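Reproduced below: entry25.pdb, with PDB, C-alpha atoms, pLDDT in the B column.
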ATOM      1  CA  GLN A   1       9.801  -0.320  -1.768  1.00 82.00           C
ATOM      2  CA  VAL A   2       6.118  -0.162  -2.604  1.00 91.00           C
ATOM      3  CA  GLN A   3       3.599   1.622  -0.420  1.00 94.00           C
ATOM      4  CA  LEU A   4      -0.004   0.450  -0.605  1.00 97.00           C
ATOM      5  CA  VAL A   5      -3.011   2.326   0.747  1.00 97.00           C
ATOM      6  CA  GLU A   6      -6.478   0.774   0.730  1.00 97.00           C
ATOM      7  CA  SER A   7      -9.720   2.715   0.826  1.00 97.00           C
ATOM      8  CA  GLY A   8     -13.422   2.164   0.266  1.00 98.00           C
ATOM      9  CA  GLY A   9     -14.306  -0.079   3.172  1.00 97.00           C
ATOM     10  CA  GLY A  10     -17.304   0.525   5.375  1.00 97.00           C
ATOM     11  CA  LEU A  11     -20.612  -0.790   6.646  1.00 98.00           C
ATOM     12  CA  VAL A  12     -23.124  -2.142   4.160  1.00 98.00           C
ATOM     13  CA  GLN A  13     -26.275  -4.244   4.332  1.00 98.00           C
ATOM     14  CA  ALA A  14     -26.363  -7.761   2.983  1.00 98.00           C
ATOM     15  CA  GLY A  15     -26.949  -7.719  -0.757  1.00 98.00           C
ATOM     16  CA  GLY A  16     -25.225  -4.383  -1.142  1.00 98.00           C
ATOM     17  CA  SER A  17     -22.026  -3.414  -2.916  1.00 98.00           C
ATOM     18  CA  LEU A  18     -18.710  -1.788  -2.130  1.00 98.00           C
ATOM     19  CA  ARG A  19     -15.698  -0.894  -4.216  1.00 98.00           C
ATOM     20  CA  LEU A  20     -12.282  -1.089  -2.640  1.00 98.00           C
ATOM     21  CA  SER A  21      -9.303   0.753  -4.056  1.00 98.00           C
ATOM     22  CA  CYS A  22      -5.612   0.246  -3.439  1.00 98.00           C
ATOM     23  CA  ALA A  23      -3.265   3.032  -4.462  1.00 97.00           C
ATOM     24  CA  ALA A  24       0.385   2.116  -4.942  1.00 96.00           C
ATOM     25  CA  SER A  25       3.442   4.309  -4.920  1.00 91.00           C
ATOM     26  CA  GLY A  26       7.173   3.945  -4.872  1.00 73.00           C
ATOM     27  CA  ARG A  27       7.940   1.651  -7.799  1.00 71.00           C
ATOM     28  CA  ILE A  28       6.732   0.805 -11.279  1.00 86.00           C
ATOM     29  CA  PHE A  29       3.244  -0.475 -10.564  1.00 90.00           C
ATOM     30  CA  SER A  30       2.944  -2.392 -13.817  1.00 90.00           C
ATOM     31  CA  GLY A  31       5.791  -4.659 -12.722  1.00 91.00           C
ATOM     32  CA  TYR A  32       3.783  -6.089  -9.834  1.00 95.00           C
ATOM     33  CA  ALA A  33       1.185  -8.794  -9.561  1.00 97.00           C
ATOM     34  CA  MET A  34      -1.514  -7.674  -7.130  1.00 97.00           C
ATOM     35  CA  GLY A  35      -3.878  -9.415  -4.792  1.00 98.00           C
ATOM     36  CA  TRP A  36      -6.689  -8.807  -2.347  1.00 98.00           C
ATOM     37  CA  PHE A  37      -6.807 -10.808   0.856  1.00 98.00           C
ATOM     38  CA  ARG A  38      -9.111 -10.731   3.842  1.00 98.00           C
ATOM     39  CA  GLN A  39      -8.924 -11.746   7.450  1.00 98.00           C
ATOM     40  CA  ALA A  40     -11.876 -12.224   9.752  1.00 97.00           C
ATOM     41  CA  PRO A  41     -11.474 -12.389  13.553  1.00 93.00           C
ATOM     42  CA  GLY A  42     -10.043 -15.717  14.611  1.00 95.00           C
ATOM     43  CA  LYS A  43      -9.398 -16.828  11.042  1.00 96.00           C
ATOM     44  CA  GLU A  44      -6.379 -16.995   8.789  1.00 96.00           C
ATOM     45  CA  ARG A  45      -5.796 -14.441   6.080  1.00 97.00           C
ATOM     46  CA  GLU A  46      -7.186 -15.798   2.821  1.00 97.00           C
ATOM     47  CA  VAL A  47      -6.891 -14.834  -0.796  1.00 98.00           C
ATOM     48  CA  VAL A  48      -9.956 -13.136  -2.237  1.00 98.00           C
ATOM     49  CA  ALA A  49      -8.763 -12.247  -5.726  1.00 98.00           C
ATOM     50  CA  ALA A  50      -5.548 -11.750  -7.659  1.00 98.00           C
ATOM     51  CA  ILE A  51      -4.550 -10.115 -10.916  1.00 98.00           C
ATOM     52  CA  SER A  52      -1.467 -10.348 -13.085  1.00 97.00           C
ATOM     53  CA  ARG A  53       0.664  -7.306 -13.762  1.00 95.00           C
ATOM     54  CA  SER A  54      -0.914  -6.675 -17.153  1.00 95.00           C
ATOM     55  CA  GLY A  55      -4.416  -7.370 -15.900  1.00 96.00           C
ATOM     56  CA  SER A  56      -4.975 -10.118 -18.451  1.00 97.00           C
ATOM     57  CA  ARG A  57      -5.169 -12.897 -15.864  1.00 97.00           C
ATOM     58  CA  THR A  58      -7.331 -13.009 -12.770  1.00 98.00           C
ATOM     59  CA  TYR A  59      -8.112 -15.441  -9.967  1.00 98.00           C
ATOM     60  CA  TYR A  60     -10.986 -15.581  -7.495  1.00 98.00           C
ATOM     61  CA  GLY A  61     -11.478 -17.498  -4.311  1.00 97.00           C
ATOM     62  CA  ASP A  62     -14.374 -19.950  -4.372  1.00 97.00           C
ATOM     63  CA  SER A  63     -16.413 -17.980  -1.856  1.00 96.00           C
ATOM     64  CA  VAL A  64     -16.403 -14.782  -3.934  1.00 98.00           C
ATOM     65  CA  ASN A  65     -16.329 -16.094  -7.490  1.00 97.00           C
ATOM     66  CA  GLY A  66     -19.162 -14.554  -9.462  1.00 97.00           C
ATOM     67  CA  ARG A  67     -19.725 -11.754  -6.939  1.00 98.00           C
ATOM     68  CA  PHE A  68     -16.386  -9.910  -6.801  1.00 98.00           C
ATOM     69  CA  THR A  69     -14.335  -8.433  -9.638  1.00 98.00           C
ATOM     70  CA  ILE A  70     -10.692  -7.431  -9.470  1.00 98.00           C
ATOM     71  CA  SER A  71      -9.270  -4.911 -11.916  1.00 98.00           C
ATOM     72  CA  ARG A  72      -6.337  -2.558 -12.209  1.00 97.00           C
ATOM     73  CA  ASP A  73      -5.455   0.710 -13.863  1.00 96.00           C
ATOM     74  CA  ASN A  74      -1.703   0.811 -14.366  1.00 95.00           C
ATOM     75  CA  ALA A  75      -1.835   4.441 -15.477  1.00 94.00           C
ATOM     76  CA  LYS A  76      -3.325   5.348 -12.085  1.00 95.00           C
ATOM     77  CA  ASN A  77      -1.230   2.882 -10.048  1.00 96.00           C
ATOM     78  CA  THR A  78      -4.430   1.489  -8.583  1.00 97.00           C
ATOM     79  CA  VAL A  79      -6.055  -1.899  -8.164  1.00 98.00           C
ATOM     80  CA  TYR A  80      -9.764  -2.258  -7.430  1.00 98.00           C
ATOM     81  CA  LEU A  81     -12.068  -4.831  -5.913  1.00 98.00           C
ATOM     82  CA  GLN A  82     -15.725  -4.477  -6.854  1.00 98.00           C
ATOM     83  CA  MET A  83     -17.793  -6.428  -4.338  1.00 98.00           C
ATOM     84  CA  ASN A  84     -21.432  -7.165  -5.162  1.00 98.00           C
ATOM     85  CA  SER A  85     -24.110  -9.241  -3.445  1.00 98.00           C
ATOM     86  CA  LEU A  86     -22.264  -8.925  -0.172  1.00 98.00           C
ATOM     87  CA  LYS A  87     -22.956 -11.406   2.594  1.00 98.00           C
ATOM     88  CA  PRO A  88     -22.370 -11.188   6.354  1.00 97.00           C
ATOM     89  CA  GLU A  89     -19.608 -13.783   5.963  1.00 97.00           C
ATOM     90  CA  ASP A  90     -17.688 -11.301   3.802  1.00 98.00           C
ATOM     91  CA  THR A  91     -17.084  -9.228   6.927  1.00 98.00           C
ATOM     92  CA  ALA A  92     -13.335  -8.903   7.420  1.00 98.00           C
ATOM     93  CA  VAL A  93     -10.363  -6.611   7.144  1.00 98.00           C
ATOM     94  CA  TYR A  94      -9.384  -6.487   3.486  1.00 98.00           C
ATOM     95  CA  TYR A  95      -5.733  -6.144   2.522  1.00 98.00           C
ATOM     96  CA  CYS A  96      -4.080  -5.248  -0.728  1.00 98.00           C
ATOM     97  CA  ALA A  97      -0.742  -6.897  -1.561  1.00 98.00           C
ATOM     98  CA  ALA A  98       1.946  -6.590  -4.223  1.00 97.00           C
ATOM     99  CA  ASP A  99       4.453  -9.119  -5.553  1.00 96.00           C
ATOM    100  CA  ARG A 100       7.248  -8.030  -7.854  1.00 92.00           C
ATOM    101  CA  LYS A 101       6.921  -9.903 -11.149  1.00 89.00           C
ATOM    102  CA  PRO A 102       8.878  -7.981 -13.813  1.00 86.00           C
ATOM    103  CA  PHE A 103       9.279 -11.010 -16.112  1.00 89.00           C
ATOM    104  CA  SER A 104       6.046 -12.900 -15.532  1.00 91.00           C
ATOM    105  CA  ASP A 105       2.391 -12.171 -16.213  1.00 95.00           C
ATOM    106  CA  MET A 106       1.059 -14.780 -13.816  1.00 95.00           C
ATOM    107  CA  VAL A 107      -1.359 -14.358 -10.953  1.00 97.00           C
ATOM    108  CA  VAL A 108      -0.058 -14.943  -7.454  1.00 96.00           C
ATOM    109  CA  THR A 109      -2.401 -16.620  -5.007  1.00 96.00           C
ATOM    110  CA  ARG A 110      -0.223 -17.650  -2.087  1.00 96.00           C
ATOM    111  CA  ARG A 111      -0.021 -15.175   0.748  1.00 96.00           C
ATOM    112  CA  THR A 112       3.625 -15.966   1.456  1.00 96.00           C
ATOM    113  CA  GLU A 113       4.723 -14.892  -2.013  1.00 95.00           C
ATOM    114  CA  TYR A 114       3.648 -11.300  -1.568  1.00 97.00           C
ATOM    115  CA  ASP A 115       6.307  -8.777  -0.655  1.00 94.00           C
ATOM    116  CA  TYR A 116       4.286  -5.701   0.249  1.00 96.00           C
ATOM    117  CA  TRP A 117       1.038  -5.175   2.150  1.00 98.00           C
ATOM    118  CA  GLY A 118      -1.311  -2.335   2.864  1.00 98.00           C
ATOM    119  CA  GLN A 119      -2.675  -1.506   6.291  1.00 97.00           C
ATOM    120  CA  GLY A 120      -6.106  -2.944   5.558  1.00 97.00           C
ATOM    121  CA  THR A 121      -9.624  -1.577   5.367  1.00 98.00           C
ATOM    122  CA  GLN A 122     -12.589  -2.879   7.357  1.00 98.00           C
ATOM    123  CA  VAL A 123     -15.625  -4.226   5.539  1.00 98.00           C
ATOM    124  CA  THR A 124     -18.669  -5.005   7.653  1.00 98.00           C
ATOM    125  CA  VAL A 125     -21.796  -6.560   6.156  1.00 98.00           C
ATOM    126  CA  SER A 126     -24.894  -6.498   8.313  1.00 97.00           C
ATOM    127  CA  SER A 127     -27.675  -9.053   7.990  1.00 94.00           C
TER     128      SER A 127
END
Go through the file and emit its structure as C-alpha coordinates.
Amino acid sequence: QVQLVESGGGLVQAGGSLRLSCAASGRIFSGYAMGWFRQAPGKEREVVAAISRSGSRTYYGDSVNGRFTISRDNAKNTVYLQMNSLKPEDTAVYYCAADRKPFSDMVVTRRTEYDYWGQGTQVTVSS
(Lines of atoms letter the chains of each structure in order from A and count residues from 1; the text may use other names and numbers.)
(Lines give C-alpha, C1' and ligand atoms only; values in the text may rest on other atoms or scores of the structure.)
Protein backbone atom coordinates (compact mmCIF):
# COMPACT_ATOMS: atom_id res chain seq x y z
CA GLN A 1 0.00 0.00 0.00
CA VAL A 2 1.02 3.57 -0.71
CA GLN A 3 -0.49 6.53 1.10
CA LEU A 4 -0.45 9.87 -0.70
CA VAL A 5 -1.11 13.25 0.90
CA GLU A 6 -1.34 16.41 -1.19
CA SER A 7 -0.77 19.91 0.11
CA GLY A 8 -0.20 23.41 -1.21
CA GLY A 9 -3.55 24.19 -2.77
CA GLY A 10 -5.37 27.44 -2.16
CA LEU A 11 -6.78 30.60 -3.67
CA VAL A 12 -4.63 32.63 -6.03
CA GLN A 13 -5.20 35.41 -8.54
CA ALA A 14 -4.83 34.82 -12.24
CA GLY A 15 -1.19 35.06 -13.25
CA GLY A 16 -0.01 33.86 -9.87
CA SER A 17 1.80 30.70 -8.84
CA LEU A 18 1.32 27.77 -6.51
CA ARG A 19 3.42 24.76 -5.66
CA LEU A 20 1.69 21.51 -4.84
CA SER A 21 3.40 18.74 -2.92
CA CYS A 22 2.49 15.09 -2.60
CA ALA A 23 4.10 13.13 0.21
CA ALA A 24 4.15 9.35 -0.14
CA SER A 25 4.56 6.69 2.49
CA GLY A 26 4.24 2.97 2.81
CA ARG A 27 6.42 1.59 0.02
CA ILE A 28 9.60 2.32 -1.88
CA PHE A 29 8.74 5.61 -3.53
CA SER A 30 11.38 5.31 -6.23
CA GLY A 31 9.59 2.25 -7.61
CA TYR A 32 6.53 4.27 -8.59
CA ALA A 33 5.67 6.42 -11.55
CA MET A 34 3.75 9.47 -10.34
CA GLY A 35 1.15 11.74 -11.83
CA TRP A 36 -0.91 14.82 -11.12
CA PHE A 37 -4.52 14.92 -12.24
CA ARG A 38 -7.26 17.47 -11.81
CA GLN A 39 -11.01 17.46 -11.83
CA ALA A 40 -13.22 20.50 -12.23
CA PRO A 41 -16.94 20.42 -11.35
CA GLY A 42 -18.91 18.59 -14.00
CA LYS A 43 -15.80 17.45 -15.84
CA GLU A 44 -13.82 14.25 -16.04
CA ARG A 45 -10.56 13.83 -14.19
CA GLU A 46 -7.71 14.69 -16.55
CA VAL A 47 -3.99 14.21 -16.50
CA VAL A 48 -2.00 17.36 -15.79
CA ALA A 49 1.53 16.01 -15.62
CA ALA A 50 3.37 12.75 -15.07
CA ILE A 51 6.90 11.73 -14.16
CA SER A 52 8.78 8.46 -14.39
CA ARG A 53 10.13 6.78 -11.29
CA SER A 54 13.64 8.12 -11.83
CA GLY A 55 12.42 11.57 -12.79
CA SER A 56 14.17 11.45 -16.14
CA ARG A 57 10.95 11.44 -18.17
CA THR A 58 8.05 13.83 -17.87
CA TYR A 59 4.74 14.48 -19.61
CA TYR A 60 2.46 17.51 -19.63
CA GLY A 61 -1.09 17.98 -20.73
CA ASP A 62 -1.54 20.44 -23.59
CA SER A 63 -3.35 22.98 -21.44
CA VAL A 64 -0.50 23.29 -18.92
CA ASN A 65 2.57 22.68 -21.05
CA GLY A 66 5.02 25.53 -20.59
CA ARG A 67 3.36 26.75 -17.38
CA PHE A 68 3.55 23.77 -15.01
CA THR A 69 6.58 21.73 -13.96
CA ILE A 70 6.51 18.32 -12.32
CA SER A 71 9.46 17.09 -10.29
CA ARG A 72 10.23 14.55 -7.61
CA ASP A 73 12.65 14.05 -4.77
CA ASN A 74 12.98 10.33 -4.14
CA ALA A 75 15.02 10.93 -0.99
CA LYS A 76 12.06 12.85 0.47
CA ASN A 77 9.35 10.59 -0.99
CA THR A 78 7.72 13.65 -2.51
CA VAL A 79 6.50 14.75 -5.91
CA TYR A 80 5.87 18.41 -6.72
CA LEU A 81 3.84 20.41 -9.19
CA GLN A 82 5.01 23.97 -9.74
CA MET A 83 2.17 25.93 -11.32
CA ASN A 84 2.94 29.32 -12.87
CA SER A 85 0.86 31.78 -14.88
CA LEU A 86 -2.29 30.32 -13.43
CA LYS A 87 -5.58 30.86 -15.21
CA PRO A 88 -9.17 30.67 -13.95
CA GLU A 89 -9.61 27.51 -16.03
CA ASP A 90 -6.97 25.81 -13.88
CA THR A 91 -9.46 25.83 -11.01
CA ALA A 92 -10.02 22.24 -9.91
CA VAL A 93 -9.29 19.65 -7.28
CA TYR A 94 -5.78 18.37 -7.92
CA TYR A 95 -4.94 14.75 -7.19
CA CYS A 96 -1.65 12.97 -6.87
CA ALA A 97 -1.44 9.35 -8.06
CA ALA A 98 1.08 6.51 -7.97
CA ASP A 99 1.57 3.52 -10.27
CA ARG A 100 3.94 0.74 -9.32
CA LYS A 101 6.63 0.46 -12.00
CA PRO A 102 9.61 -1.41 -10.50
CA PHE A 103 11.01 -2.49 -13.89
CA SER A 104 10.10 0.44 -16.11
CA ASP A 105 11.12 4.09 -16.23
CA MET A 106 8.19 5.21 -18.34
CA VAL A 107 5.66 7.92 -17.64
CA VAL A 108 2.07 6.87 -17.09
CA THR A 109 -0.62 9.13 -18.47
CA ARG A 110 -3.81 7.10 -18.33
CA ARG A 111 -5.89 7.55 -15.22
CA THR A 112 -6.96 3.90 -15.16
CA GLU A 113 -3.38 2.67 -14.82
CA TYR A 114 -2.81 4.34 -11.48
CA ASP A 115 -3.15 2.21 -8.38
CA TYR A 116 -3.11 4.76 -5.58
CA TRP A 117 -4.64 8.21 -5.17
CA GLY A 118 -4.47 11.03 -2.70
CA GLN A 119 -7.48 12.82 -1.29
CA GLY A 120 -6.99 15.90 -3.44
CA THR A 121 -6.28 19.56 -2.81
CA GLN A 122 -8.40 22.45 -4.07
CA VAL A 123 -6.86 25.06 -6.34
CA THR A 124 -8.96 28.12 -7.09
CA VAL A 125 -7.78 30.81 -9.49
CA SER A 126 -9.69 34.07 -9.43
CA SER A 127 -9.93 36.37 -12.44
(message) Expand the PyMOL selection byres ((chain A and resi 23) around 9) into the explicit residue set it covers here, and present it as an NGL selection string.
(response) :A and (3-7 or 21-22 or 24-25 or 76-80)
(request) Please measure the separation of atom CA of Glu113 of chain A and atom CA of Asn65 of chain A, giving the value in Å to one decimal. (result)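 Atom CA of Asn65 of chain A lies at a distance of 21.8 Å from atom CA of Glu113 of chain A.
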(message) Could you list, as a PyMOL selection string, every residue matched by the PyMOL selection byres ((chain A and resi 48) around 12) in this structure?
(response) chain A and resi 34-39+45-47+49-51+58-70+81-83+90+92-97+108-111
On this structure, which residues satisfy the PyMOL selection byres ((chain A and resi 14) around 6), written as an mmCIF file with C-alpha atoms, keeping the file's coordinate frame?
data_model
loop_
_atom_site.group_PDB
_atom_site.id
_atom_site.type_symbol
_atom_site.label_atom_id
_atom_site.label_comp_id
_atom_site.auth_asym_id
_atom_site.auth_seq_id
_atom_site.Cartn_x
_atom_site.Cartn_y
_atom_site.Cartn_z
ATOM 1 C CA GLN A 13 -26.275 -4.244 4.332
ATOM 2 C CA GLY A 15 -26.949 -7.719 -0.757
ATOM 3 C CA GLY A 16 -25.225 -4.383 -1.142
ATOM 4 C CA LEU A 86 -22.264 -8.925 -0.172
ATOM 5 C CA LYS A 87 -22.956 -11.406 2.594
ATOM 6 C CA VAL A 125 -21.796 -6.560 6.156
ATOM 7 C CA SER A 126 -24.894 -6.498 8.313
ATOM 8 C CA SER A 127 -27.675 -9.053 7.990
#
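Distances to Gly118 of chain A were evaluated for A:Ser54, A:Ala98, A:Leu20, A:Ile28 using all atoms listed in the file, and the minimum falls at A:Ala98.
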(request) Calculate how many Å separate atom CA of Ser56 of chain A from atom CA of Val2 of chain A, rounding to one decimal. (result) 21.8 Å
(message) Here is a test: counting only C-alpha atoms, which residue of A:Ser30, A:Gln1, A:Lys43, A:Arg57 is nearest to Val107 of chain A?
(response)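 Of A:Ser30, A:Gln1, A:Lys43, A:Arg57, the one nearest Val107 of chain A, counting only C-alpha atoms, is A:Arg57.
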(request) Could you tell me how far atom CA of Asp105 of chain A lies from atom CA of Ser52 of chain A, in Å and to one decimal? (result)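 These atoms are spaced 5.3 Å apart.
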(request) Give as an MDAnalysis selection string every residue, naming chains and numbers as the document does, that has an atom within 8 Å of (7.7, -9.0, -1.7), counting only C-alpha atoms. (result) chainID A and resid 98:100 113:116
Store the residues picked out above, limited to C-alpha atoms, as a CSV table (one decimal), in the frame of the given file.
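Output below, filename again_0.csv:
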chain,number,residue,atom,x,y,z
A,98,ALA,CA,1.9,-6.6,-4.2
A,99,ASP,CA,4.5,-9.1,-5.6
A,100,ARG,CA,7.2,-8.0,-7.9
A,113,GLU,CA,4.7,-14.9,-2.0
A,114,TYR,CA,3.6,-11.3,-1.6
A,115,ASP,CA,6.3,-8.8,-0.7
A,116,TYR,CA,4.3,-5.7,0.2
(request) Have a look at A:Val123, A:Glu44, A:Asp73, A:Glu89 and name the one nearest to Arg19 of chain A; count all atoms listed in the file. (result)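 Between A:Val123, A:Glu44, A:Asp73, A:Glu89, the residue approaching Arg19 of chain A most closely is A:Val123.
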(request) Using only C-alpha atoms, pick whichever of A:Ala33, A:Thr124, A:Arg72, A:Gln119 has the shortest atom-to-atom distance to Ser17 of chain A. (result)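 Using only C-alpha atoms, Ser17 of chain A sits closest to A:Thr124.
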(request) Determine the nearest neighbour of Arg53 of chain A from the options A:Tyr32, A:Gly9, A:Gly120, A:Gly26, counting all atoms listed in the file. (result)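 Ranking A:Tyr32, A:Gly9, A:Gly120, A:Gly26 by distance to Arg53 of chain A, first place goes to A:Tyr32.
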(message) Given all atoms listed in the file as the basis, pick out the residue of A:Gly31, A:Ala75, A:Gly10, A:Ser85 nearest to Phe103 of chain A.
(response) A:Gly31
